Every structure is written in structure tokens, then in C-alpha cells.
Amino acid sequence: MEECLLPFELRKLKTIDNGGGHFLIHLGDIDDGRPPSGRQYNQCPESVYSKVSDIFELSPVTTFFIPGDNTWVDCADVDLAYRNWNKHLFHYNTRTDLNWPTLRTTVYRDHPTRHELFAFSLEDMLFLGLSLPGTSRNDEQFTEGAGSSSDRTQLHRDNEEWTTRWFEKYPTDEIKAIVIFAHDAIGETNQPFWSWFAKFIRKDYTNVNILIVHDSHDFDEEAGFLSMENVYLLSIDDT
């Protein structure tokens, strides 16, 4: 169903009067989360990632991808899945063959190991892309300290360092708002990161509006997210 609808929706974007939209963000799950019958994990063939890459060539604006759990930490081979993300989707915004309008800003993707993390400022706002997939189905490859791409503890540290770097680079008196894109903002698996984030914001950043946009099964809006008046959560329906 989604494979049929996506091209239609992307083509429709081209017909809409562009009132200032400059980019498109995909929040993660690029394939069904249910493994094939009789299988414990998703098989995640490379064709899934390349097919999504082909479909989004229809996008009329610069496009970014946030990794989700279905085609990463739920896969039979977690690290191979991560390499497929890196090969086909993490650097999608750098494509020059699609004749996208110039984004007119510098996009930073210079984390030494997490190529999915990105940051840029546009129209006095800071935009951050984080790497927070939901709960892993493949616990065997998800053990803390295993050294794989899915090591959750290290993943949270990397996100904390990335967030700190860009919040400190842009003083709150120089920006109107901060927008954070992540696959998961409410699941138990990533609560250690969001608990850290709440403390980080309470310390120095209560005077700037922050919007967190994440993937969910239902559309919802929540003011006062993480018990802070300046933090808002926007849950996007993944259907």
C-alpha cells in the first residue's frame, strides 16, 4: 500500500504552491516491522533500501532520512542493515542529480561514526537529526558493549554529544526555535537519552522553544513534553 501511495504523495508535493518549504524528512521505518512467517527477525535485503532511494527521487526538495528500528535493529544482521542505510539513505540529501532547489545552508554530517546524525540552521532556526530507533527485536546483536552499530548505550552517548555540540554552537538569543527529528521519543528503550535531554534543557535552555518530531502510530500534539513548558512533541502518524 505505502509503496503505491508514496510516489503519488511525492508527485503531489510538486503541485502544491511552495510557501517556504525547503526540505523533507522521513522519520524512519521504511518497511513493515513484521518479520516473514516462520522468521524471528526481519530479513532486510538491500533491495528495500535501494527501492526507497528510487522512490524518493520524486521528492521536489532536499530529503533526509532518520533511521528506524524495522530496517535496522530488528534485522537478522544489524550491522549489515546499518551499512545499507549508510550506502543508500544517510547521505541522500547530498545528491546533486535530482535538481533540488538549493537549501542555502550548510548541512553538517561530520560525526566520526554516526553518519545518520545531521544538523543545520535555516531562517534563524536550528534543525537536528538524531538516531533513536525503537526497541530492538534482535537482542543477540543488541547487547551493551558488543561493539556493533546498535550498541544502545553508546548510541545514546553519541546523540548526547551531538545535541550538546549544536546547542552550544547557537546561543538561544540568536535563534527563534530548535526542531529535533527522531524516530522514537516516547518508548522505554530511549528514555535514558530523553531523561538526559530534560536535565540538559532545564539547566540552560528554558528560554527557547523546542519542537520534537517523531514517528508514531497516531497523530498527536503535546505541549509541556518532558514536563517543560518550552518543549513540544509532535507525533506523526506512520500510516
# chains A, B, ... in the order shown; residues from 1 in each chain; ligands from 1
>>> residues_around(residues="range 101-110 of chain A", least_positions_apart="6", cutoff="9 Å", atoms="only C-alpha atoms", output="list of chain:residue names")
A:His22, A:Phe23, A:Pro60, A:Val61, A:Thr62, A:His91, A:Asn93, A:Thr94, A:Glu116, A:Leu117, A:Phe118, A:Ala119, A:Phe120, A:Ser121, A:Leu122
>>> write_last_selection(atoms="C-alpha atoms", output="PDB file, in the first residue's frame")
ATOM      1  CA  HIS A  22      12.679  23.761   1.872  1.00  0.00           C
ATOM      2  CA  PHE A  23      13.229  20.123   2.813  1.00  0.00           C
ATOM      3  CA  PRO A  60      10.801  18.056  -5.091  1.00  0.00           C
ATOM      4  CA  VAL A  61      13.065  19.218  -2.254  1.00  0.00           C
ATOM      5  CA  THR A  62      16.182  18.126  -0.369  1.00  0.00           C
ATOM      6  CA  HIS A  91      23.690  10.823   2.633  1.00  0.00           C
ATOM      7  CA  ASN A  93      20.499  14.989   0.959  1.00  0.00           C
ATOM      8  CA  THR A  94      23.859  15.345  -0.817  1.00  0.00           C
ATOM      9  CA  GLU A 116      22.925   9.445  10.249  1.00  0.00           C
ATOM     10  CA  LEU A 117      23.264  12.442  12.593  1.00  0.00           C
ATOM     11  CA  PHE A 118      22.825  15.806  10.910  1.00  0.00           C
ATOM     12  CA  ALA A 119      22.458  19.470  11.804  1.00  0.00           C
ATOM     13  CA  PHE A 120      21.808  22.721  10.013  1.00  0.00           C
ATOM     14  CA  SER A 121      20.404  26.182  10.665  1.00  0.00           C
ATOM     15  CA  LEU A 122      17.848  27.838   8.434  1.00  0.00           C
TER      16      LEU A 122
END
>>> residues_around(residues="Glu229 in chain A", least_positions_apart="5", cutoff="10 Å", atoms="only C-alpha atoms", output="tab-separated table (two decimals) with N, CA and C atoms, in the first residue's frame")
chain	number	residue	atom	x	y	z
A	206	THR	N	15.78	26.89	28.86
A	206	THR	CA	14.34	27.02	29.09
A	206	THR	C	13.76	28.25	28.41
A	207	ASN	N	14.61	29.06	27.78
A	207	ASN	CA	14.14	30.31	27.15
A	207	ASN	C	14.01	30.21	25.64
A	209	ASN	N	12.04	27.92	22.40
A	209	ASN	CA	11.04	26.91	22.07
A	209	ASN	C	11.69	25.74	21.34
A	210	ILE	N	11.35	24.53	21.76
A	210	ILE	CA	11.92	23.32	21.19
A	210	ILE	C	10.78	22.40	20.74
A	223	ALA	N	1.97	19.71	24.36
A	223	ALA	CA	2.71	20.83	24.90
A	223	ALA	C	3.21	20.44	26.29
A	224	GLY	N	4.34	21.00	26.68
A	224	GLY	CA	4.88	20.67	28.00
A	224	GLY	C	5.49	19.29	28.06
>>> atom_distance(atom1="CA of Glu221 in chain A", atom2="CA of Asp31 in chain A")
24.8 Å
>>> closest_residue(among="A:Pro7, A:Gly134, A:Gly21, A:Gly68", to="Ser53 in chain A", atoms="only C-alpha atoms")
A:Pro7
>>> select_by_dssp(residues="range 7-200 of chain A", states="strand (DSSP E)", output="list of chain:residue names")
A:Phe23, A:Leu24, A:Ile25, A:His26, A:Thr62, A:Thr63, A:Phe64, A:Phe65, A:Phe118, A:Ala119, A:Phe120, A:Ser121, A:Leu122, A:Met125, A:Leu126, A:Phe127, A:Leu128, A:Gly129, A:Ala177, A:Ile178, A:Val179, A:Ile180, A:Phe181, A:Ala182
>>> residues_around(residues="His156 in chain A", least_positions_apart="2", cutoff="9 Å", atoms="only C-alpha atoms", output="PyMOL selection string")
chain A and resi 131-132+151-154+158-161+190+192-193
>>> write_last_selection(atoms="all heavy atoms", output="compact mmCIF listing (two decimals), in the first residue's frame")
# COMPACT_ATOMS: atom_id res chain seq x y z
N SER A 131 19.54 9.88 16.12
CA SER A 131 19.48 8.45 15.81
C SER A 131 18.95 7.69 17.02
O SER A 131 19.71 7.30 17.91
CB SER A 131 20.88 7.94 15.43
OG SER A 131 20.83 6.56 15.11
N LEU A 132 17.63 7.51 17.06
CA LEU A 132 16.98 6.87 18.21
C LEU A 132 15.91 5.89 17.74
O LEU A 132 14.71 6.13 17.87
CB LEU A 132 16.37 7.94 19.13
CG LEU A 132 17.36 8.89 19.80
CD1 LEU A 132 16.63 10.08 20.41
CD2 LEU A 132 18.17 8.15 20.86
N ASP A 151 24.74 -0.78 19.52
CA ASP A 151 25.04 -0.67 20.94
C ASP A 151 24.28 0.53 21.50
O ASP A 151 24.63 1.68 21.27
CB ASP A 151 26.56 -0.50 21.11
CG ASP A 151 26.97 -0.35 22.57
OD1 ASP A 151 26.10 -0.13 23.44
OD2 ASP A 151 28.18 -0.45 22.85
N ARG A 152 23.21 0.28 22.25
CA ARG A 152 22.29 1.34 22.65
C ARG A 152 22.94 2.36 23.58
O ARG A 152 22.70 3.57 23.44
CB ARG A 152 21.05 0.73 23.32
CG ARG A 152 19.99 1.72 23.72
CD ARG A 152 19.19 2.24 22.55
NE ARG A 152 18.40 1.21 21.92
CZ ARG A 152 17.47 1.45 20.99
NH1 ARG A 152 17.23 2.67 20.58
NH2 ARG A 152 16.81 0.46 20.41
N THR A 153 23.77 1.90 24.51
CA THR A 153 24.40 2.83 25.43
C THR A 153 25.30 3.82 24.70
O THR A 153 25.25 5.03 24.94
CB THR A 153 25.21 2.07 26.49
OG1 THR A 153 24.33 1.20 27.21
CG2 THR A 153 25.86 3.04 27.47
N GLN A 154 26.11 3.30 23.77
CA GLN A 154 26.97 4.19 23.00
C GLN A 154 26.15 5.07 22.07
O GLN A 154 26.48 6.24 21.85
CB GLN A 154 27.98 3.37 22.18
CG GLN A 154 28.99 4.21 21.42
CD GLN A 154 29.82 5.08 22.33
OE1 GLN A 154 30.41 4.59 23.30
NE2 GLN A 154 29.89 6.37 22.05
N ASP A 158 26.39 9.11 21.82
CA ASP A 158 26.65 9.82 20.57
C ASP A 158 25.59 10.89 20.33
O ASP A 158 25.90 12.01 19.88
CB ASP A 158 26.67 8.84 19.40
CG ASP A 158 27.85 7.89 19.45
OD1 ASP A 158 28.86 8.22 20.12
OD2 ASP A 158 27.79 6.82 18.80
N ASN A 159 24.34 10.57 20.61
CA ASN A 159 23.26 11.55 20.46
C ASN A 159 23.40 12.70 21.45
O ASN A 159 23.14 13.86 21.12
CB ASN A 159 21.90 10.87 20.63
CG ASN A 159 21.44 10.13 19.40
OD1 ASN A 159 20.87 10.71 18.49
ND2 ASN A 159 21.69 8.82 19.37
N GLU A 160 23.82 12.39 22.66
CA GLU A 160 24.04 13.43 23.67
C GLU A 160 25.15 14.39 23.23
O GLU A 160 25.01 15.62 23.34
CB GLU A 160 24.38 12.79 25.01
CG GLU A 160 23.22 12.06 25.66
CD GLU A 160 23.66 11.17 26.83
OE1 GLU A 160 24.83 11.30 27.26
OE2 GLU A 160 22.84 10.35 27.28
N GLU A 161 26.25 13.83 22.74
CA GLU A 161 27.36 14.66 22.30
C GLU A 161 26.96 15.54 21.11
O GLU A 161 27.33 16.72 21.05
CB GLU A 161 28.55 13.78 21.92
CG GLU A 161 29.20 13.07 23.11
CD GLU A 161 30.20 12.02 22.68
OE1 GLU A 161 30.42 11.87 21.45
OE2 GLU A 161 30.76 11.35 23.56
N ASN A 190 14.54 4.34 24.80
CA ASN A 190 15.32 5.57 24.67
C ASN A 190 15.10 6.56 25.80
O ASN A 190 15.57 7.70 25.72
CB ASN A 190 15.00 6.24 23.33
CG ASN A 190 15.53 5.44 22.16
OD1 ASN A 190 16.70 5.06 22.13
ND2 ASN A 190 14.66 5.16 21.19
N PRO A 192 16.62 6.72 28.67
CA PRO A 192 17.87 7.28 29.21
C PRO A 192 18.32 8.53 28.47
O PRO A 192 18.79 9.48 29.10
CB PRO A 192 18.87 6.12 29.04
CG PRO A 192 18.03 4.90 29.12
CD PRO A 192 16.74 5.26 28.43
N PHE A 193 18.16 8.55 27.14
CA PHE A 193 18.53 9.76 26.40
C PHE A 193 17.60 10.91 26.74
O PHE A 193 18.05 12.03 27.01
CB PHE A 193 18.51 9.52 24.89
CG PHE A 193 18.67 10.81 24.13
CD1 PHE A 193 19.92 11.37 23.95
CD2 PHE A 193 17.55 11.48 23.63
CE1 PHE A 193 20.06 12.59 23.28
CE2 PHE A 193 17.68 12.69 22.96
CZ PHE A 193 18.95 13.24 22.78
>>> closest_residue(among="A:His111, A:Arg165, A:His214, A:His183", to="Trp72 in chain A", atoms="only C-alpha atoms")
A:His183
>>> closest_residue(among="A:Leu226, A:Ala177, A:Val231, A:Ile236", to="Ser195 in chain A", atoms="only C-alpha atoms")
A:Leu226
>>> closest_residue(among="A:Asn230, A:Thr113, A:Thr96, A:Thr135", to="Arg83 in chain A", atoms="only C-alpha atoms")
A:Thr113
>>> residues_around(residues="Leu80 in chain A", least_positions_apart="6", cutoff="10 Å", atoms="only C-alpha atoms", output="list in words")
Cys44, Pro45, Glu46, Trp72, Asn86 and Ser149 of chain A
>>> closest_residue(among="A:Met228, A:Ala182, A:Ile55, A:Leu6", to="Tyr205 in chain A", atoms="only C-alpha atoms")
A:Met228
>>> select_by_dssp(residues="range 8-227 of chain A", states="alpha helix (DSSP H)", output="PyMOL selection string")
chain A and resi 8-15+46-55+78-88+152-169+191-204
>>> closest_residue(among="A:Trp85, A:Tyr92, A:Trp166, A:Phe8", to="Val179 in chain A", atoms="only C-alpha atoms")
A:Trp166
>>> atom_distance(atom1="CA of Asp29 in chain A", atom2="CA of Ser47 in chain A")
14.8 Å
